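Trainee: There's a structure below that I have some questions on.
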Amino acid sequence: MLSSRFRDSDLTAANLGMSYELLLYSVSDRIATITVNRPDKLNALSAALIGELGTAIDAAVADPSVGGVILTGAGRAFVAGADISELAGQTPMGAVTRARRGQEIFGRFERSPKPTIAAVNGFALGGGCELAMACHLRIASEFAKFGQPEVKLGIIPGYGGTQRLPRLVGTGRALQLLMTAEVIDATEAYRIGLVNKVVPGTDLLPTATAMLTAMMANGPLAVRACIDAVVRGQDMSLGDALAYEAAHFGTLSSTADMAEGMQAFLEKRAPGFSGA
Ligand code: COA
């Protein structure tokens, strides 16, 4: 039984007894920051690191004191891809299992009911670009570099890159990046719609924080419904997705948040959402 002195804000990963070796996890001002922390290997995604990412996003989603998530990297890389030293010896069935596990764990960032922002500080190559694309938004430092160079290794992306990249930038541009293995800078990534914003390196985390803070001031159930309608809607026919949107629209009309949001507008004051 939790003691009465136990507060929601104590439900950090550390307090839940989780320990991380390959990433840092902290909560401040309702934002969980997950920092991939294997800088000597440019944050290459080992199987163990992917497991820790799954634990961290689960902790953030479960923690009622967290309203949103920033994912970033330590050092000069966001993530320079899957750990090639692990891929080198993989068997065909082992590779399928690796891809399916990575896809499922990356999918948790996309399915998170709380907004997830990738703050891309440097190289986002291969699995790093795929991880950034699994987040709801991407903010890039001017030093960031993006690419899917897997074909240079004789493989293709296995953590969702062939599916999320064309959804973000269109089929032609996605195939260009996938088949040439070209690495692009942040300006080009912005131009093609791969990132939402490019900022000076020192502004990266402040910009991601400001954007999340703005989202967290809105009705949390409505923000959650935006994520769900967009993410699930992509797997539906347009007709089904429109019906799904309408169902969310209807459900939100039963919430205290809708009553509060509209009342606050009519009374010309800021809303105080309860998430109910
Ligand atoms: N897997 C395993 N190790 C990696 C890695 C990866 N994806 N990316 C970088 N590293 C390691 C390097 O092996 C090196 O380790 P070492 O110091 O023990 O030799 C360390 O990280 C630093 O990388 P290095 O290549 O020396 O840095 P660089 O500045 O010369 O080049 C990159 C940077 C990103 C261009 C280069 O590391 C690279 O091409 N990485 C692989 C990118 C890739 O193909 N990703 C898709 C994988 S499916």
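We name chains A, B, ... following the order of the structure tokens; residues begin at 1 in each chain, and ligands are numbered from 1 as shown.
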When DSSP works through the backbone of this structure, what residues of segment 12-231 of chain A end up as helix (DSSP H, G or I), shown as a ChimeraX atom specification?
Mentor: /A:39-41,47-62,84-87,92-111,127-134,149-153,161-169,171-180,186-191,201-216,220-231
Trainee: Would you pick out the contacts of Ala80 of chain A at 6 Å or less, using only C-alpha atoms, so that residues sharing its chain but fewer than 4 positions from it are not included, and give the list as a ChimeraX atom specification?
Mentor: /A:42,44,123-125,128
Trainee: Could you save the residues just selected, with C-alpha atoms, as a short mmCIF file (atom, residue, chain, number, x, y, z; two decimals), in the first residue's frame?
Mentor:
data_model
loop_
_atom_site.label_atom_id
_atom_site.label_comp_id
_atom_site.auth_asym_id
_atom_site.auth_seq_id
_atom_site.Cartn_x
_atom_site.Cartn_y
_atom_site.Cartn_z
CA LEU A 42 26.97 7.55 -31.18
CA ALA A 44 23.74 3.08 -31.52
CA PHE A 123 22.98 12.16 -36.37
CA ALA A 124 19.58 10.49 -36.81
CA LEU A 125 20.54 7.68 -39.15
CA GLY A 128 17.72 6.82 -35.28
#
Trainee: So that I can check the surroundings of Leu49 of chain A, please list as a ChimeraX atom specification every protein, DNA and RNA residue that reaches within 10 Å of it, counting only C-alpha atoms and ignoring chain neighbours fewer than 4 positions away.
Mentor: /A:20-23,36-38,43-45,53-55,82-83
Trainee: Let's have the selection written as an mmCIF file, in the first residue's frame, with all heavy atoms.
Mentor:
data_model
loop_
_atom_site.group_PDB
_atom_site.id
_atom_site.type_symbol
_atom_site.label_atom_id
_atom_site.label_comp_id
_atom_site.auth_asym_id
_atom_site.auth_seq_id
_atom_site.Cartn_x
_atom_site.Cartn_y
_atom_site.Cartn_z
ATOM 1 N N TYR A 20 18.426 2.485 -15.327
ATOM 2 C CA TYR A 20 18.818 2.510 -16.729
ATOM 3 C C TYR A 20 20.332 2.563 -16.820
ATOM 4 O O TYR A 20 20.978 3.292 -16.076
ATOM 5 C CB TYR A 20 18.217 3.736 -17.419
ATOM 6 C CG TYR A 20 16.707 3.786 -17.363
ATOM 7 C CD1 TYR A 20 16.049 4.632 -16.469
ATOM 8 C CD2 TYR A 20 15.938 2.995 -18.202
ATOM 9 C CE1 TYR A 20 14.658 4.683 -16.422
ATOM 10 C CE2 TYR A 20 14.552 3.037 -18.159
ATOM 11 C CZ TYR A 20 13.920 3.875 -17.263
ATOM 12 O OH TYR A 20 12.550 3.916 -17.217
ATOM 13 N N GLU A 21 20.887 1.811 -17.767
ATOM 14 C CA GLU A 21 22.336 1.863 -17.980
ATOM 15 C C GLU A 21 22.692 2.618 -19.234
ATOM 16 O O GLU A 21 23.795 3.142 -19.373
ATOM 17 C CB GLU A 21 22.899 0.440 -18.085
ATOM 18 C CG GLU A 21 22.836 -0.292 -16.754
ATOM 19 C CD GLU A 21 23.465 -1.670 -16.805
ATOM 20 O OE1 GLU A 21 24.021 -2.047 -17.851
ATOM 21 O OE2 GLU A 21 23.374 -2.364 -15.783
ATOM 22 N N LEU A 22 21.754 2.690 -20.176
ATOM 23 C CA LEU A 22 22.082 3.226 -21.497
ATOM 24 C C LEU A 22 21.267 4.465 -21.835
ATOM 25 O O LEU A 22 21.353 4.982 -22.945
ATOM 26 C CB LEU A 22 21.848 2.134 -22.555
ATOM 27 C CG LEU A 22 22.701 0.879 -22.337
ATOM 28 C CD1 LEU A 22 22.201 -0.288 -23.166
ATOM 29 C CD2 LEU A 22 24.155 1.176 -22.667
ATOM 30 N N LEU A 23 20.450 4.900 -20.900
ATOM 31 C CA LEU A 23 19.741 6.167 -21.109
ATOM 32 C C LEU A 23 19.551 6.872 -19.778
ATOM 33 O O LEU A 23 19.725 6.281 -18.697
ATOM 34 C CB LEU A 23 18.418 5.958 -21.838
ATOM 35 C CG LEU A 23 17.379 4.999 -21.277
ATOM 36 C CD1 LEU A 23 16.563 5.650 -20.180
ATOM 37 C CD2 LEU A 23 16.445 4.559 -22.410
ATOM 38 N N VAL A 36 19.030 9.249 -24.729
ATOM 39 C CA VAL A 36 19.808 8.069 -25.099
ATOM 40 C C VAL A 36 21.268 8.376 -24.778
ATOM 41 O O VAL A 36 21.804 9.405 -25.193
ATOM 42 C CB VAL A 36 19.615 7.733 -26.599
ATOM 43 C CG1 VAL A 36 20.375 6.462 -26.943
ATOM 44 C CG2 VAL A 36 18.137 7.570 -26.922
ATOM 45 N N ASN A 37 21.898 7.514 -24.005
ATOM 46 C CA ASN A 37 23.185 7.885 -23.396
ATOM 47 C C ASN A 37 24.249 6.817 -23.623
ATOM 48 O O ASN A 37 24.665 6.133 -22.701
ATOM 49 C CB ASN A 37 22.963 8.142 -21.896
ATOM 50 C CG ASN A 37 24.173 8.745 -21.239
ATOM 51 O OD1 ASN A 37 24.921 9.489 -21.872
ATOM 52 N ND2 ASN A 37 24.380 8.438 -19.967
ATOM 53 N N ARG A 38 24.623 6.701 -24.879
ATOM 54 C CA ARG A 38 25.722 5.787 -25.243
ATOM 55 C C ARG A 38 26.623 6.537 -26.230
ATOM 56 O O ARG A 38 26.827 6.099 -27.372
ATOM 57 C CB ARG A 38 25.091 4.546 -25.901
ATOM 58 C CG ARG A 38 25.975 3.351 -25.921
ATOM 59 C CD ARG A 38 25.374 2.227 -26.776
ATOM 60 N NE ARG A 38 26.302 1.144 -26.907
ATOM 61 C CZ ARG A 38 26.273 0.262 -27.907
ATOM 62 N NH1 ARG A 38 25.346 0.326 -28.850
ATOM 63 N NH2 ARG A 38 27.171 -0.694 -27.975
ATOM 64 N N ASN A 43 25.318 6.549 -29.712
ATOM 65 C CA ASN A 43 23.979 6.142 -29.242
ATOM 66 C C ASN A 43 23.368 5.028 -30.099
ATOM 67 O O ASN A 43 22.129 4.928 -30.216
ATOM 68 C CB ASN A 43 23.026 7.343 -29.155
ATOM 69 C CG ASN A 43 23.542 8.391 -28.185
ATOM 70 O OD1 ASN A 43 24.178 8.048 -27.186
ATOM 71 N ND2 ASN A 43 23.298 9.658 -28.467
ATOM 72 N N ALA A 44 24.239 4.198 -30.697
ATOM 73 C CA ALA A 44 23.744 3.080 -31.517
ATOM 74 C C ALA A 44 22.820 2.194 -30.683
ATOM 75 O O ALA A 44 23.075 1.910 -29.508
ATOM 76 C CB ALA A 44 24.926 2.263 -32.054
ATOM 77 N N LEU A 45 21.753 1.761 -31.327
ATOM 78 C CA LEU A 45 20.681 1.044 -30.626
ATOM 79 C C LEU A 45 21.010 -0.439 -30.497
ATOM 80 O O LEU A 45 20.748 -1.224 -31.420
ATOM 81 C CB LEU A 45 19.370 1.197 -31.397
ATOM 82 C CG LEU A 45 18.782 2.611 -31.482
ATOM 83 C CD1 LEU A 45 17.601 2.622 -32.454
ATOM 84 C CD2 LEU A 45 18.356 3.098 -30.101
ATOM 85 N N LEU A 53 14.487 1.750 -23.755
ATOM 86 C CA LEU A 53 13.573 2.754 -24.322
ATOM 87 C C LEU A 53 12.119 2.345 -24.073
ATOM 88 O O LEU A 53 11.262 3.180 -23.754
ATOM 89 C CB LEU A 53 13.809 2.906 -25.834
ATOM 90 C CG LEU A 53 15.027 3.732 -26.245
ATOM 91 C CD1 LEU A 53 15.280 3.582 -27.748
ATOM 92 C CD2 LEU A 53 14.835 5.209 -25.894
ATOM 93 N N GLY A 54 11.846 1.042 -24.212
ATOM 94 C CA GLY A 54 10.493 0.554 -23.948
ATOM 95 C C GLY A 54 10.091 0.766 -22.497
ATOM 96 O O GLY A 54 8.973 1.206 -22.190
ATOM 97 N N THR A 55 11.017 0.471 -21.596
ATOM 98 C CA THR A 55 10.745 0.664 -20.162
ATOM 99 C C THR A 55 10.483 2.144 -19.869
ATOM 100 O O THR A 55 9.569 2.498 -19.117
ATOM 101 C CB THR A 55 11.941 0.162 -19.328
ATOM 102 O OG1 THR A 55 12.190 -1.204 -19.668
ATOM 103 C CG2 THR A 55 11.662 0.261 -17.845
ATOM 104 N N ALA A 82 20.829 1.322 -35.699
ATOM 105 C CA ALA A 82 20.920 0.062 -34.951
ATOM 106 C C ALA A 82 22.395 -0.265 -34.770
ATOM 107 O O ALA A 82 23.242 0.181 -35.550
ATOM 108 C CB ALA A 82 20.225 -1.047 -35.729
ATOM 109 N N ASP A 83 22.695 -1.028 -33.740
ATOM 110 C CA ASP A 83 24.089 -1.382 -33.449
ATOM 111 C C ASP A 83 24.559 -2.404 -34.482
ATOM 112 O O ASP A 83 24.158 -3.574 -34.448
ATOM 113 C CB ASP A 83 24.193 -1.947 -32.026
ATOM 114 C CG ASP A 83 25.638 -2.135 -31.604
ATOM 115 O OD1 ASP A 83 26.479 -2.443 -32.480
ATOM 116 O OD2 ASP A 83 25.925 -1.961 -30.408
#
Trainee: Quick one: residues within 7 Å of segment 129-133 of chain A, only C-alpha atoms counted, chain neighbours fewer than 5 positions away excluded, as an NGL selection string?
Mentor: :A and (106 or 118 or 124 or 138 or 146-148 or 159-161 or 164)
Trainee: So that I can check the surroundings of segment 193-205 of chain A, please list as number ranges by chain every protein, DNA and RNA residue that reaches within 8 Å of it, counting only C-alpha atoms and ignoring chain neighbours fewer than 2 positions away.
Mentor: A: 119-121, 133, 137-143, 165, 168-169, 186-187, 189-191, 207-209
Trainee: So how far away is atom CA of Val61 of chain A from atom CA of Ala77 of chain A, in Å?
Mentor: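 Separating atom CA of Ala77 of chain A from atom CA of Val61 of chain A is a distance of 25.2 Å.
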Trainee: One decimal, in Å: what's the spacing between atom CA of Val151 of chain A and atom CA of Pro39 of chain A?
Mentor: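 Going from atom CA of Val151 of chain A over to atom CA of Pro39 of chain A covers 24.2 Å.
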Trainee: Which residues are near Ala134 of chain A? Cut-off 7 Å, only C-alpha atoms, ignore same chain within fewer than 5 positions. Put them as a ChimeraX atom specification.
Mentor: /A:106-107,109-110
Trainee: Using C-alpha atoms, can you export the residues from the last selection as a PDB file, in the first residue's frame?
Mentor:
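Final output, saved to again.pdb:
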ATOM      1  CA  PHE A 106       9.054   2.224 -31.284  1.00  0.00           C
ATOM      2  CA  GLY A 107       5.279   1.982 -31.744  1.00  0.00           C
ATOM      3  CA  PHE A 109       6.189   6.262 -28.676  1.00  0.00           C
ATOM      4  CA  GLU A 110       3.682   6.699 -31.503  1.00  0.00           C
TER       5      GLU A 110
END
Trainee: Residues at most 7 Å from segment 152-158 of chain A, counting only C-alpha atoms, excluding those fewer than 5 positions away in the same chain, as a list in words?
Mentor: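 So the residues in contact are Ala99, Gly126 and Ala181 of chain A.
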Trainee: My list of candidates is A:His136, A:Ala48, A:Val66, A:Ile34. Which is closest to Gly102 of chain A when distances are computed with only C-alpha atoms?
Mentor: A:Ala48
Trainee: So which one's closest to ligand 1, A:Asp235, A:Glu260, A:Asp63, A:Glu182? Using only C-alpha atoms and all ligand atoms, please.
Mentor: A:Glu182
Trainee: By how many Å are atom CA of Gly67 of chain A and atom CA of Ala210 of chain A apart?
Mentor: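 Computing it gives 12.8 Å between the two atoms.
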Trainee: Go through A:Thr162, A:Ser85, A:Ser254, A:Thr116 one by one, measure the shortest atom-to-atom distance of each to ligand 1 using only C-alpha atoms and all ligand atoms, and give the residue with the smallest value.
Mentor: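 For ligand 1, the nearest of the candidates is A:Ser85.
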Trainee: Could you pull out the strand (DSSP E or B) residues of segment 43-191 of chain A from DSSP and send them as a PyMOL selection string?
Mentor: chain A and resi 45+68-73+77-79+82+116-120+123-125+137-141+145-147+183-185
Trainee: Which residue, A:Gly73, A:Pro92, A:Gly68, A:Pro149, has the smallest gap to ligand 1 when you use only C-alpha atoms and all ligand atoms?
Mentor: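 Ranking A:Gly73, A:Pro92, A:Gly68, A:Pro149 by distance to ligand 1, first place goes to A:Pro149.
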Trainee: Kindly indicate which residue among A:Leu178, A:Ala32, A:Pro113, A:Leu71 lies nearest to ligand 1, using only C-alpha atoms and all ligand atoms for the distances.
Mentor: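 For ligand 1, the nearest of the candidates is A:Leu178.
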Trainee: Go through A:Gly89, A:Gly127, A:Pro220, A:Pro115 and flag the residue nearest ligand 1, using only C-alpha atoms and all ligand atoms for the distances.
Mentor: A:Gly127
